[in-house]
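A.B. asks: Structure provided below as structure tokens; questions to follow.
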Amino acid sequence: MRLIRMQLFKFSILFLLLNVNINAMNMFSDMDCIQGSFDAVVEHKAAPFGLSKNILTVSKNDCSISISHSKLKFMKNNWNIDVCRAPVHIKKDEGGVNVIKRGNGCKEGSSDFCKELSMIEKILQDDGLIFATGEKENISSDHGKIYCAYLLTKKYLREGIVFNRGRQYEGVLSPVKVKMNTSNVMSDVKEANEPSEVSKPLEDGPADF
């Protein structure tokens, strides 16, 4: 019984390690997101009667991310965010371009920057990540594109990280792809499956007097 429990425990560890490895390998890399260029459009019917649509459009070209959002046809917002440009700021299209700087971030009260940041994050989440099709790990899908834009804007606007062209990034946006070494676990499982040697009692022979 003890041997069976040990085998089950080792197989559970192996299964967990393999799952972690597969999930990490499927996730797009930081550089896939930072260097990528794409367009994504996500639409869904708006509450309360579904007579109009909420439309989110995200376009990315190198470091520049454009976010357009329309709600109830007449409520429209347009932002442009360059995650490689300092100081950290948001460009908002209000007929003219309104530049909103990050300053001290959102730790010292509710500034205009914090209000815009909260609105951008809410729109990307509520009208983007929730309704976009595909898997977020796949940057070729609308879900993956919106997720990439969400991660970049969060790092740039909320955390104040300015990305540099030509620099390699790893583990900043998404977990590092770790290659798990399961050989030791497999070896342990194999050893657990092998029957242990049982000492045989010595046969009684003629007494040596």
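By order of appearance in the structure tokens: chains A, B, ..., then residues from 1 within every chain, and ligands from 1 in the order shown.
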Give me, as a PyMOL selection string, the residues of range 96-152 of chain A that a backbone DSSP run labels strand (DSSP E).
C.D. replies: chain A and resi 96-101
A.B. asks: Extract, using only C-alpha atoms, all DNA, RNA and protein residues at most 10 Å from Ile130 in chain A, discarding same-chain residues fewer than 4 positions from it, and format them as a ChimeraX atom specification.
C.D. replies: /A:42,123-126,143
A.B. asks: So which residues of range 1-171 of chain A fall under alpha helix (DSSP H) by DSSP, listed as a PDB file with C-alpha atoms, in the first residue's frame?
C.D. replies:
ATOM      1  CA  ARG A   2       2.826   2.379   0.825  1.00  0.00           C
ATOM      2  CA  LEU A   3       4.454   1.644  -2.538  1.00  0.00           C
ATOM      3  CA  ILE A   4       1.185   2.404  -4.373  1.00  0.00           C
ATOM      4  CA  ARG A   5       0.796   5.751  -2.573  1.00  0.00           C
ATOM      5  CA  MET A   6       4.363   6.676  -3.489  1.00  0.00           C
ATOM      6  CA  GLN A   7       3.735   5.859  -7.153  1.00  0.00           C
ATOM      7  CA  LEU A   8       0.538   7.950  -7.234  1.00  0.00           C
ATOM      8  CA  PHE A   9       2.327  10.884  -5.603  1.00  0.00           C
ATOM      9  CA  LYS A  10       5.173  10.812  -8.130  1.00  0.00           C
ATOM     10  CA  PHE A  11       2.788  10.546 -11.076  1.00  0.00           C
ATOM     11  CA  SER A  12       0.853  13.554  -9.717  1.00  0.00           C
ATOM     12  CA  ILE A  13       4.056  15.618  -9.582  1.00  0.00           C
ATOM     13  CA  LEU A  14       4.963  14.589 -13.124  1.00  0.00           C
ATOM     14  CA  PHE A  15       1.489  15.501 -14.417  1.00  0.00           C
ATOM     15  CA  LEU A  16       1.664  18.921 -12.729  1.00  0.00           C
ATOM     16  CA  LEU A  17       5.116  19.679 -14.148  1.00  0.00           C
ATOM     17  CA  LEU A  18       4.050  18.705 -17.649  1.00  0.00           C
ATOM     18  CA  ASN A  19       0.952  20.930 -17.449  1.00  0.00           C
ATOM     19  CA  VAL A  20       2.982  23.922 -16.241  1.00  0.00           C
ATOM     20  CA  ASN A  21       5.490  23.383 -19.028  1.00  0.00           C
ATOM     21  CA  ILE A  22       2.816  23.117 -21.743  1.00  0.00           C
ATOM     22  CA  ASN A  23       1.000  26.271 -20.570  1.00  0.00           C
ATOM     23  CA  ALA A  24       4.231  28.275 -20.414  1.00  0.00           C
ATOM     24  CA  MET A  25       5.327  27.150 -23.877  1.00  0.00           C
ATOM     25  CA  ASN A  26       1.951  28.095 -25.420  1.00  0.00           C
ATOM     26  CA  ASP A  30       7.280  39.472 -24.509  1.00  0.00           C
ATOM     27  CA  MET A  31       8.978  40.186 -27.842  1.00  0.00           C
ATOM     28  CA  ASP A  32       6.041  38.735 -29.813  1.00  0.00           C
ATOM     29  CA  CYS A  33       3.863  41.337 -28.124  1.00  0.00           C
ATOM     30  CA  ILE A  34       6.267  44.303 -28.086  1.00  0.00           C
ATOM     31  CA  GLN A  35       7.376  43.961 -31.716  1.00  0.00           C
ATOM     32  CA  ASP A 112      -6.842  63.377 -14.904  1.00  0.00           C
ATOM     33  CA  PHE A 113      -4.241  60.767 -15.845  1.00  0.00           C
ATOM     34  CA  CYS A 114      -5.608  58.275 -13.298  1.00  0.00           C
ATOM     35  CA  LYS A 115      -9.157  58.774 -14.565  1.00  0.00           C
ATOM     36  CA  GLU A 116      -8.098  58.108 -18.164  1.00  0.00           C
ATOM     37  CA  LEU A 117      -6.019  55.095 -17.120  1.00  0.00           C
ATOM     38  CA  SER A 118      -8.944  53.594 -15.195  1.00  0.00           C
ATOM     39  CA  MET A 119     -11.245  54.137 -18.181  1.00  0.00           C
ATOM     40  CA  ILE A 120      -8.789  52.526 -20.619  1.00  0.00           C
ATOM     41  CA  GLU A 121      -8.269  49.496 -18.363  1.00  0.00           C
ATOM     42  CA  LYS A 122     -12.013  49.088 -17.807  1.00  0.00           C
ATOM     43  CA  ILE A 123     -12.793  49.256 -21.541  1.00  0.00           C
ATOM     44  CA  ASP A 142      -8.385  38.864 -31.197  1.00  0.00           C
ATOM     45  CA  HIS A 143      -8.248  37.779 -27.559  1.00  0.00           C
ATOM     46  CA  GLY A 144      -4.451  37.499 -27.705  1.00  0.00           C
ATOM     47  CA  LYS A 145      -4.109  40.894 -29.418  1.00  0.00           C
ATOM     48  CA  ILE A 146      -6.285  42.638 -26.828  1.00  0.00           C
ATOM     49  CA  TYR A 147      -4.414  40.862 -24.031  1.00  0.00           C
ATOM     50  CA  CYS A 148      -1.066  41.984 -25.475  1.00  0.00           C
ATOM     51  CA  ALA A 149      -2.283  45.605 -25.650  1.00  0.00           C
ATOM     52  CA  TYR A 150      -3.671  45.340 -22.112  1.00  0.00           C
ATOM     53  CA  LEU A 151      -0.360  44.059 -20.706  1.00  0.00           C
ATOM     54  CA  LEU A 152       1.670  46.743 -22.494  1.00  0.00           C
ATOM     55  CA  THR A 153      -0.569  49.642 -21.448  1.00  0.00           C
TER      56      THR A 153
END
A.B. asks: Neighbours of range 71-78 of chain A within 6 Å (only C-alpha atoms; same-chain residues fewer than 6 positions away dropped), as a PyMOL selection string?
C.D. replies: chain A and resi 52+54+92-93
A.B. asks: Which residues come within 12 Å of range 160-171 of chain A, counting only C-alpha atoms, excluding same-chain residues fewer than 3 positions away, as a PyMOL selection string?
C.D. replies: chain A and resi 24+27-35+62-64+81-90+101-106+117+151-157+174-178
A.B. asks: Those selected residues, please, written with N, CA and C atoms and delivered as a compact mmCIF listing (two decimals), in the first residue's frame.
C.D. replies:
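For reference, out12.txt as written:
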# COMPACT_ATOMS: atom_id res chain seq x y z
N ALA A 24 3.21 27.25 -20.24
CA ALA A 24 4.23 28.27 -20.41
C ALA A 24 4.70 28.34 -21.86
N MET A 27 2.20 30.27 -24.28
CA MET A 27 2.00 31.70 -24.11
C MET A 27 2.94 32.48 -25.03
N PHE A 28 2.41 33.54 -25.67
CA PHE A 28 3.27 34.35 -26.52
C PHE A 28 4.35 35.02 -25.67
N SER A 29 5.49 35.30 -26.30
CA SER A 29 6.62 35.89 -25.57
C SER A 29 6.46 37.40 -25.48
N ASP A 30 7.27 38.01 -24.62
CA ASP A 30 7.28 39.47 -24.51
C ASP A 30 7.59 40.12 -25.86
N MET A 31 8.57 39.58 -26.58
CA MET A 31 8.98 40.19 -27.84
C MET A 31 7.92 40.01 -28.92
N ASP A 32 7.16 38.90 -28.88
CA ASP A 32 6.04 38.74 -29.81
C ASP A 32 5.06 39.89 -29.66
N CYS A 33 4.82 40.27 -28.42
CA CYS A 33 3.86 41.34 -28.12
C CYS A 33 4.45 42.71 -28.42
N ILE A 34 5.66 42.97 -27.95
CA ILE A 34 6.27 44.30 -28.09
C ILE A 34 6.53 44.65 -29.55
N GLN A 35 7.03 43.69 -30.32
CA GLN A 35 7.38 43.96 -31.72
C GLN A 35 6.22 43.74 -32.68
N ASP A 62 4.33 48.60 -34.03
CA ASP A 62 5.57 48.75 -33.27
C ASP A 62 5.22 49.17 -31.84
N CYS A 63 5.68 50.34 -31.40
CA CYS A 63 5.44 50.77 -30.01
C CYS A 63 4.12 51.52 -29.83
N SER A 64 3.48 51.87 -30.93
CA SER A 64 2.29 52.71 -30.87
C SER A 64 1.02 51.87 -30.80
N ILE A 81 -1.22 55.58 -27.42
CA ILE A 81 -0.22 55.34 -26.38
C ILE A 81 1.04 54.82 -27.05
N ASP A 82 2.16 55.50 -26.84
CA ASP A 82 3.46 55.07 -27.37
C ASP A 82 4.28 54.56 -26.19
N VAL A 83 4.37 53.23 -26.07
CA VAL A 83 5.00 52.63 -24.89
C VAL A 83 6.52 52.76 -24.90
N CYS A 84 7.09 53.32 -25.98
CA CYS A 84 8.54 53.52 -26.05
C CYS A 84 8.92 55.00 -25.88
N ARG A 85 7.96 55.84 -25.55
CA ARG A 85 8.23 57.27 -25.49
C ARG A 85 8.09 57.80 -24.06
N ALA A 86 9.12 58.52 -23.61
CA ALA A 86 9.09 59.18 -22.31
C ALA A 86 8.91 60.69 -22.52
N PRO A 87 8.28 61.38 -21.53
CA PRO A 87 7.71 60.84 -20.30
C PRO A 87 6.42 60.05 -20.57
N VAL A 88 6.05 59.23 -19.61
CA VAL A 88 4.84 58.42 -19.76
C VAL A 88 3.63 59.33 -19.89
N HIS A 89 2.83 59.11 -20.92
CA HIS A 89 1.69 59.99 -21.16
C HIS A 89 0.64 59.28 -22.02
N ILE A 90 -0.52 59.90 -22.10
CA ILE A 90 -1.62 59.45 -22.96
C ILE A 90 -1.97 60.59 -23.90
N LYS A 101 -0.08 63.73 -18.95
CA LYS A 101 1.13 63.13 -18.41
C LYS A 101 0.85 62.33 -17.14
N ARG A 102 1.70 61.33 -16.93
CA ARG A 102 1.56 60.46 -15.77
C ARG A 102 1.93 61.18 -14.48
N GLY A 103 2.98 61.96 -14.51
CA GLY A 103 3.43 62.65 -13.30
C GLY A 103 3.85 61.66 -12.23
N ASN A 104 3.21 61.75 -11.08
CA ASN A 104 3.53 60.86 -9.95
C ASN A 104 2.68 59.61 -9.93
N GLY A 105 2.04 59.31 -11.04
CA GLY A 105 1.22 58.10 -11.08
C GLY A 105 -0.09 58.29 -10.37
N CYS A 106 -0.64 57.20 -9.87
CA CYS A 106 -1.97 57.24 -9.25
C CYS A 106 -1.93 57.00 -7.74
N LEU A 117 -6.58 56.44 -17.26
CA LEU A 117 -6.02 55.10 -17.12
C LEU A 117 -7.09 54.10 -16.67
N LEU A 151 -1.59 44.23 -21.48
CA LEU A 151 -0.36 44.06 -20.71
C LEU A 151 0.60 45.23 -20.92
N LEU A 152 0.75 45.65 -22.18
CA LEU A 152 1.67 46.74 -22.49
C LEU A 152 1.22 48.06 -21.87
N THR A 153 -0.07 48.38 -22.01
CA THR A 153 -0.57 49.64 -21.45
C THR A 153 -0.49 49.64 -19.93
N LYS A 154 -0.71 48.48 -19.32
CA LYS A 154 -0.63 48.39 -17.87
C LYS A 154 0.80 48.64 -17.38
N LYS A 155 1.78 48.02 -18.06
CA LYS A 155 3.18 48.21 -17.67
C LYS A 155 3.61 49.66 -17.89
N TYR A 156 3.21 50.23 -19.01
CA TYR A 156 3.64 51.59 -19.37
C TYR A 156 2.92 52.65 -18.54
N LEU A 157 1.61 52.59 -18.51
CA LEU A 157 0.84 53.65 -17.86
C LEU A 157 0.79 53.51 -16.34
N SER A 174 4.89 38.55 -19.57
CA SER A 174 4.35 37.22 -19.30
C SER A 174 5.43 36.35 -18.69
N PRO A 175 5.03 35.27 -18.02
CA PRO A 175 6.02 34.39 -17.38
C PRO A 175 7.03 33.86 -18.38
N VAL A 176 8.26 33.67 -17.90
CA VAL A 176 9.32 33.14 -18.75
C VAL A 176 8.99 31.70 -19.13
N LYS A 177 9.26 31.36 -20.38
CA LYS A 177 9.05 29.99 -20.83
C LYS A 177 10.12 29.10 -20.22
N VAL A 178 9.73 28.31 -19.28
CA VAL A 178 10.68 27.46 -18.57
C VAL A 178 10.63 26.06 -19.14
A.B. asks: Would you work out the distance separating CA of Ala46 in chain A from CA of Ser70 in chain A, expressed in Å to one decimal?
C.D. replies: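 Result for CA of Ala46 in chain A versus CA of Ser70 in chain A: 10.5 Å, one decimal.
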